[in-house]
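First the structure, in the form of structure tokens, and then the observations on it.
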Amino acid sequence: MVMSDVWLLIVLFDVIMKKYYKLPIVAAVALSLTLSSCIGSFSLFNKVKAWNETVSDKKWVNEVVFVAFWILPVYELTGIADLLVMNSIEFWSGDNPVDENVVDVDGKHAHYRIETNRDGYTITNLTTGDVTRLNFDAEGKTWSVMHDGELVPFLTWVDNEHVAVPDADGSWRVMSRADTGYYAMGR
């Protein structure tokens with residue numbers, strides 16, 4: 001490369017920067033305004049990574065899968081999907097669609113499906129078909145169960161050490177954590 005070629009590259013770079021210098025600034029300002037406080041939980045990426053950590057009991061196998069997922073761009077694609085789609089949904093709606101989980105559990109007398117979502121659980125007895133809905137109201141710190149289409153509260157957090165539960169006569173009873181680790185009832 002001769003000196004005239006270097007000079008030409010410097011001049012071209014200078015012309016391009018003078019002509020397009022506003023584009024990166026405008027893009028940065030636009031992104032900062034539209035994506036502010038939208039870091040998100042990166043649930044999809046973290047689920048893939050968590051699965052990767054359980055592939056094998058041998059660390060070297062997990063490492064091979066880890067490296068392969070970077071080469072194949074599995075991690076890159078899940079990260080971009082989280083960044084552009086899932087985290088935006090989480091920011092605007094308050095919940096990430098990837099966070100919702102479904103787990104099947106074998107009980108002693110029945111088989112259950114437990115669905116987790118942003119405000120509680122839906123427990124389906126797969127043996128009988130009965131469905132129980134548990135809702136958590138974060139503002140009121142109250143757990144409720146759906147009964148005949150109506151939410152019936154059954155536990156309210158008073159503070160970190162006390163909960164209020166309904167009594168048989170319809171009043172609410174406060175329960176506190178005892179030193180032994182059990183709950184003691186008091187009025």
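In the structure tokens, chains take letters A, B, ... by order of appearance, with residues numbered from 1 within each chain and ligands from 1 in the order shown.
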- Give me the residues within 12 Å of stretch 133-138 of chain A as a PyMOL selection string, counting only C-alpha atoms and dropping any in the same chain fewer than 4 places off. chain A and resi 113-125+142-157
Expected file contents, prior selection, N, CA and C atoms, as an mmCIF file, in the first residue's frame:
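again_18.cif written:
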data_model
loop_
_atom_site.group_PDB
_atom_site.id
_atom_site.type_symbol
_atom_site.label_atom_id
_atom_site.label_comp_id
_atom_site.auth_asym_id
_atom_site.auth_seq_id
_atom_site.Cartn_x
_atom_site.Cartn_y
_atom_site.Cartn_z
ATOM 1 N N ARG A 113 -51.419 -31.601 36.725
ATOM 2 C CA ARG A 113 -50.693 -30.659 35.864
ATOM 3 C C ARG A 113 -50.773 -29.298 36.547
ATOM 4 N N ILE A 114 -49.602 -28.706 36.796
ATOM 5 C CA ILE A 114 -49.515 -27.402 37.455
ATOM 6 C C ILE A 114 -48.986 -26.405 36.439
ATOM 7 N N GLU A 115 -49.802 -25.395 36.149
ATOM 8 C CA GLU A 115 -49.415 -24.346 35.215
ATOM 9 C C GLU A 115 -49.127 -23.083 36.015
ATOM 10 N N THR A 116 -47.942 -22.530 35.821
ATOM 11 C CA THR A 116 -47.535 -21.309 36.507
ATOM 12 C C THR A 116 -47.678 -20.143 35.545
ATOM 13 N N ASN A 117 -48.294 -19.069 36.018
ATOM 14 C CA ASN A 117 -48.327 -17.848 35.223
ATOM 15 C C ASN A 117 -48.070 -16.662 36.136
ATOM 16 N N ARG A 118 -48.190 -15.454 35.617
ATOM 17 C CA ARG A 118 -47.729 -14.282 36.371
ATOM 18 C C ARG A 118 -48.502 -14.011 37.656
ATOM 19 N N ASP A 119 -49.723 -14.485 37.790
ATOM 20 C CA ASP A 119 -50.474 -14.174 39.011
ATOM 21 C C ASP A 119 -50.981 -15.401 39.754
ATOM 22 N N GLY A 120 -50.331 -16.548 39.570
ATOM 23 C CA GLY A 120 -50.732 -17.705 40.351
ATOM 24 C C GLY A 120 -50.526 -19.025 39.642
ATOM 25 N N TYR A 121 -51.379 -19.983 40.001
ATOM 26 C CA TYR A 121 -51.253 -21.343 39.497
ATOM 27 C C TYR A 121 -52.621 -21.883 39.087
ATOM 28 N N THR A 122 -52.613 -22.747 38.086
ATOM 29 C CA THR A 122 -53.785 -23.536 37.745
ATOM 30 C C THR A 122 -53.383 -24.987 37.933
ATOM 31 N N ILE A 123 -54.073 -25.682 38.821
ATOM 32 C CA ILE A 123 -53.758 -27.076 39.122
ATOM 33 C C ILE A 123 -54.891 -27.932 38.586
ATOM 34 N N THR A 124 -54.546 -28.821 37.651
ATOM 35 C CA THR A 124 -55.542 -29.691 37.034
ATOM 36 C C THR A 124 -55.291 -31.124 37.486
ATOM 37 N N ASN A 125 -56.320 -31.739 38.058
ATOM 38 C CA ASN A 125 -56.247 -33.151 38.405
ATOM 39 C C ASN A 125 -56.526 -33.919 37.118
ATOM 40 N N THR A 142 -52.378 -11.063 48.813
ATOM 41 C CA THR A 142 -53.388 -12.052 49.183
ATOM 42 C C THR A 142 -53.447 -13.194 48.181
ATOM 43 N N TRP A 143 -53.476 -14.423 48.716
ATOM 44 C CA TRP A 143 -53.730 -15.613 47.914
ATOM 45 C C TRP A 143 -55.220 -15.924 47.967
ATOM 46 N N SER A 144 -55.785 -16.273 46.810
ATOM 47 C CA SER A 144 -57.209 -16.619 46.722
ATOM 48 C C SER A 144 -57.354 -17.892 45.899
ATOM 49 N N VAL A 145 -58.465 -18.587 46.127
ATOM 50 C CA VAL A 145 -58.794 -19.767 45.333
ATOM 51 C C VAL A 145 -60.092 -19.474 44.586
ATOM 52 N N MET A 146 -60.181 -19.928 43.350
ATOM 53 C CA MET A 146 -61.393 -19.727 42.554
ATOM 54 C C MET A 146 -62.417 -20.791 42.971
ATOM 55 N N HIS A 147 -63.609 -20.317 43.429
ATOM 56 C CA HIS A 147 -64.674 -21.221 43.844
ATOM 57 C C HIS A 147 -65.990 -20.722 43.252
ATOM 58 N N ASP A 148 -66.616 -21.538 42.423
ATOM 59 C CA ASP A 148 -67.868 -21.180 41.749
ATOM 60 C C ASP A 148 -67.762 -19.838 41.019
ATOM 61 N N GLY A 149 -66.631 -19.617 40.342
ATOM 62 C CA GLY A 149 -66.435 -18.409 39.557
ATOM 63 C C GLY A 149 -66.074 -17.175 40.363
ATOM 64 N N GLU A 150 -65.856 -17.344 41.660
ATOM 65 C CA GLU A 150 -65.540 -16.211 42.526
ATOM 66 C C GLU A 150 -64.229 -16.482 43.258
ATOM 67 N N LEU A 151 -63.373 -15.444 43.351
ATOM 68 C CA LEU A 151 -62.130 -15.586 44.094
ATOM 69 C C LEU A 151 -62.400 -15.483 45.587
ATOM 70 N N VAL A 152 -61.978 -16.500 46.333
ATOM 71 C CA VAL A 152 -62.166 -16.536 47.784
ATOM 72 C C VAL A 152 -60.785 -16.451 48.432
ATOM 73 N N PRO A 153 -60.491 -15.361 49.140
ATOM 74 C CA PRO A 153 -59.171 -15.217 49.765
ATOM 75 C C PRO A 153 -58.987 -16.224 50.900
ATOM 76 N N PHE A 154 -57.768 -16.782 50.985
ATOM 77 C CA PHE A 154 -57.496 -17.720 52.076
ATOM 78 C C PHE A 154 -56.212 -17.408 52.829
ATOM 79 N N LEU A 155 -55.429 -16.436 52.379
ATOM 80 C CA LEU A 155 -54.214 -16.069 53.097
ATOM 81 C C LEU A 155 -53.787 -14.676 52.657
ATOM 82 N N THR A 156 -53.504 -13.816 53.632
ATOM 83 C CA THR A 156 -52.998 -12.471 53.353
ATOM 84 C C THR A 156 -51.741 -12.249 54.174
ATOM 85 N N TRP A 157 -50.675 -11.835 53.496
ATOM 86 C CA TRP A 157 -49.438 -11.523 54.208
ATOM 87 C C TRP A 157 -49.606 -10.187 54.920
#
- Message: What parts of stretch 93-147 of chain A does DSSP call strand (DSSP E or B)? I'd like the answer as a PyMOL selection string.
- Response: chain A and resi 101-106+111-117+120-125+131-137+142-147
- Item | Spatial neighbours of stretch 86-90 of chain A, 8 Å, only C-alpha atoms, chain gap at least 5 places, as number ranges by chain | A: 38-42, 44, 81, 95-98
Write out, as a PDB file, in the first residue's frame, the residues just selected, with C-alpha atoms.
ATOM      1  CA  CYS A  38     -36.072  -2.742  29.197  1.00  0.00           C
ATOM      2  CA  ILE A  39     -33.212  -4.971  30.274  1.00  0.00           C
ATOM      3  CA  GLY A  40     -35.582  -7.876  30.839  1.00  0.00           C
ATOM      4  CA  SER A  41     -34.962 -11.283  32.333  1.00  0.00           C
ATOM      5  CA  PHE A  42     -33.577 -13.021  29.210  1.00  0.00           C
ATOM      6  CA  LEU A  44     -35.313 -17.892  26.794  1.00  0.00           C
ATOM      7  CA  ALA A  81     -34.931 -13.275  20.362  1.00  0.00           C
ATOM      8  CA  ASP A  95     -44.948 -10.911  31.878  1.00  0.00           C
ATOM      9  CA  ASN A  96     -42.598 -12.907  29.691  1.00  0.00           C
ATOM     10  CA  PRO A  97     -44.279 -15.697  27.684  1.00  0.00           C
ATOM     11  CA  VAL A  98     -41.239 -17.910  28.231  1.00  0.00           C
TER      12      VAL A  98
END
- All alpha helix (DSSP H) positions in stretch 62-167 of chain A, as a PyMOL selection string: chain A and resi 62-71+74-81+87-93
Please, could you write that set of residues out with N, CA and C atoms as a PDB file, in the first residue's frame?
ATOM      1  N   ASN A  62     -21.075 -31.119  29.264  1.00  0.00           N
ATOM      2  CA  ASN A  62     -21.807 -29.853  29.289  1.00  0.00           C
ATOM      3  C   ASN A  62     -21.007 -28.755  28.595  1.00  0.00           C
ATOM      4  N   GLU A  63     -19.688 -28.758  28.764  1.00  0.00           N
ATOM      5  CA  GLU A  63     -18.845 -27.761  28.113  1.00  0.00           C
ATOM      6  C   GLU A  63     -18.844 -27.930  26.592  1.00  0.00           C
ATOM      7  N   VAL A  64     -18.809 -29.187  26.126  1.00  0.00           N
ATOM      8  CA  VAL A  64     -18.849 -29.434  24.678  1.00  0.00           C
ATOM      9  C   VAL A  64     -20.165 -28.911  24.095  1.00  0.00           C
ATOM     10  N   VAL A  65     -21.277 -29.184  24.773  1.00  0.00           N
ATOM     11  CA  VAL A  65     -22.581 -28.684  24.314  1.00  0.00           C
ATOM     12  C   VAL A  65     -22.598 -27.160  24.362  1.00  0.00           C
ATOM     13  N   PHE A  66     -22.047 -26.586  25.415  1.00  0.00           N
ATOM     14  CA  PHE A  66     -21.976 -25.132  25.562  1.00  0.00           C
ATOM     15  C   PHE A  66     -21.235 -24.502  24.380  1.00  0.00           C
ATOM     16  N   VAL A  67     -20.048 -25.022  24.063  1.00  0.00           N
ATOM     17  CA  VAL A  67     -19.265 -24.491  22.950  1.00  0.00           C
ATOM     18  C   VAL A  67     -20.000 -24.705  21.628  1.00  0.00           C
ATOM     19  N   ALA A  68     -20.595 -25.892  21.469  1.00  0.00           N
ATOM     20  CA  ALA A  68     -21.342 -26.180  20.234  1.00  0.00           C
ATOM     21  C   ALA A  68     -22.502 -25.206  20.054  1.00  0.00           C
ATOM     22  N   PHE A  69     -23.189 -24.872  21.148  1.00  0.00           N
ATOM     23  CA  PHE A  69     -24.312 -23.938  21.049  1.00  0.00           C
ATOM     24  C   PHE A  69     -23.849 -22.534  20.688  1.00  0.00           C
ATOM     25  N   TRP A  70     -22.619 -22.157  21.037  1.00  0.00           N
ATOM     26  CA  TRP A  70     -22.101 -20.859  20.599  1.00  0.00           C
ATOM     27  C   TRP A  70     -21.715 -20.911  19.128  1.00  0.00           C
ATOM     28  N   ILE A  71     -21.171 -22.054  18.690  1.00  0.00           N
ATOM     29  CA  ILE A  71     -20.753 -22.187  17.283  1.00  0.00           C
ATOM     30  C   ILE A  71     -21.963 -22.288  16.360  1.00  0.00           C
ATOM     31  N   VAL A  74     -26.954 -21.110  18.590  1.00  0.00           N
ATOM     32  CA  VAL A  74     -28.150 -21.284  19.424  1.00  0.00           C
ATOM     33  C   VAL A  74     -28.219 -20.170  20.459  1.00  0.00           C
ATOM     34  N   TYR A  75     -27.123 -19.945  21.184  1.00  0.00           N
ATOM     35  CA  TYR A  75     -27.119 -18.886  22.202  1.00  0.00           C
ATOM     36  C   TYR A  75     -27.306 -17.499  21.577  1.00  0.00           C
ATOM     37  N   GLU A  76     -26.699 -17.269  20.436  1.00  0.00           N
ATOM     38  CA  GLU A  76     -26.839 -15.970  19.785  1.00  0.00           C
ATOM     39  C   GLU A  76     -28.290 -15.715  19.376  1.00  0.00           C
ATOM     40  N   LEU A  77     -28.936 -16.740  18.800  1.00  0.00           N
ATOM     41  CA  LEU A  77     -30.324 -16.577  18.344  1.00  0.00           C
ATOM     42  C   LEU A  77     -31.292 -16.415  19.519  1.00  0.00           C
ATOM     43  N   THR A  78     -31.098 -17.195  20.585  1.00  0.00           N
ATOM     44  CA  THR A  78     -31.989 -17.040  21.742  1.00  0.00           C
ATOM     45  C   THR A  78     -31.753 -15.697  22.420  1.00  0.00           C
ATOM     46  N   GLY A  79     -30.501 -15.240  22.451  1.00  0.00           N
ATOM     47  CA  GLY A  79     -30.215 -13.926  23.034  1.00  0.00           C
ATOM     48  C   GLY A  79     -30.856 -12.804  22.242  1.00  0.00           C
ATOM     49  N   ILE A  80     -30.776 -12.888  20.922  1.00  0.00           N
ATOM     50  CA  ILE A  80     -31.386 -11.866  20.060  1.00  0.00           C
ATOM     51  C   ILE A  80     -32.910 -11.923  20.161  1.00  0.00           C
ATOM     52  N   ALA A  81     -33.473 -13.144  20.208  1.00  0.00           N
ATOM     53  CA  ALA A  81     -34.931 -13.275  20.362  1.00  0.00           C
ATOM     54  C   ALA A  81     -35.384 -12.664  21.685  1.00  0.00           C
ATOM     55  N   ASN A  87     -38.114  -9.737  25.723  1.00  0.00           N
ATOM     56  CA  ASN A  87     -37.952  -8.695  26.729  1.00  0.00           C
ATOM     57  C   ASN A  87     -38.852  -7.495  26.462  1.00  0.00           C
ATOM     58  N   SER A  88     -39.124  -7.207  25.186  1.00  0.00           N
ATOM     59  CA  SER A  88     -40.057  -6.116  24.868  1.00  0.00           C
ATOM     60  C   SER A  88     -41.467  -6.478  25.301  1.00  0.00           C
ATOM     61  N   ILE A  89     -41.867  -7.733  25.052  1.00  0.00           N
ATOM     62  CA  ILE A  89     -43.189  -8.195  25.513  1.00  0.00           C
ATOM     63  C   ILE A  89     -43.253  -8.107  27.033  1.00  0.00           C
ATOM     64  N   GLU A  90     -42.173  -8.538  27.699  1.00  0.00           N
ATOM     65  CA  GLU A  90     -42.131  -8.492  29.165  1.00  0.00           C
ATOM     66  C   GLU A  90     -42.236  -7.053  29.666  1.00  0.00           C
ATOM     67  N   PHE A  91     -41.552  -6.118  29.005  1.00  0.00           N
ATOM     68  CA  PHE A  91     -41.582  -4.726  29.429  1.00  0.00           C
ATOM     69  C   PHE A  91     -42.972  -4.126  29.283  1.00  0.00           C
ATOM     70  N   TRP A  92     -43.623  -4.343  28.132  1.00  0.00           N
ATOM     71  CA  TRP A  92     -44.900  -3.695  27.856  1.00  0.00           C
ATOM     72  C   TRP A  92     -46.082  -4.405  28.504  1.00  0.00           C
ATOM     73  N   SER A  93     -46.023  -5.735  28.663  1.00  0.00           N
ATOM     74  CA  SER A  93     -47.177  -6.453  29.218  1.00  0.00           C
ATOM     75  C   SER A  93     -46.997  -6.824  30.687  1.00  0.00           C
TER      76      SER A  93
END
- Query: atom CA of A:Ala110 to atom CA of A:Gly129: how many Å, to one decimal?
  - Reply: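 Taking atom CA of A:Ala110 and atom CA of A:Gly129, their separation equals 10.3 Å.
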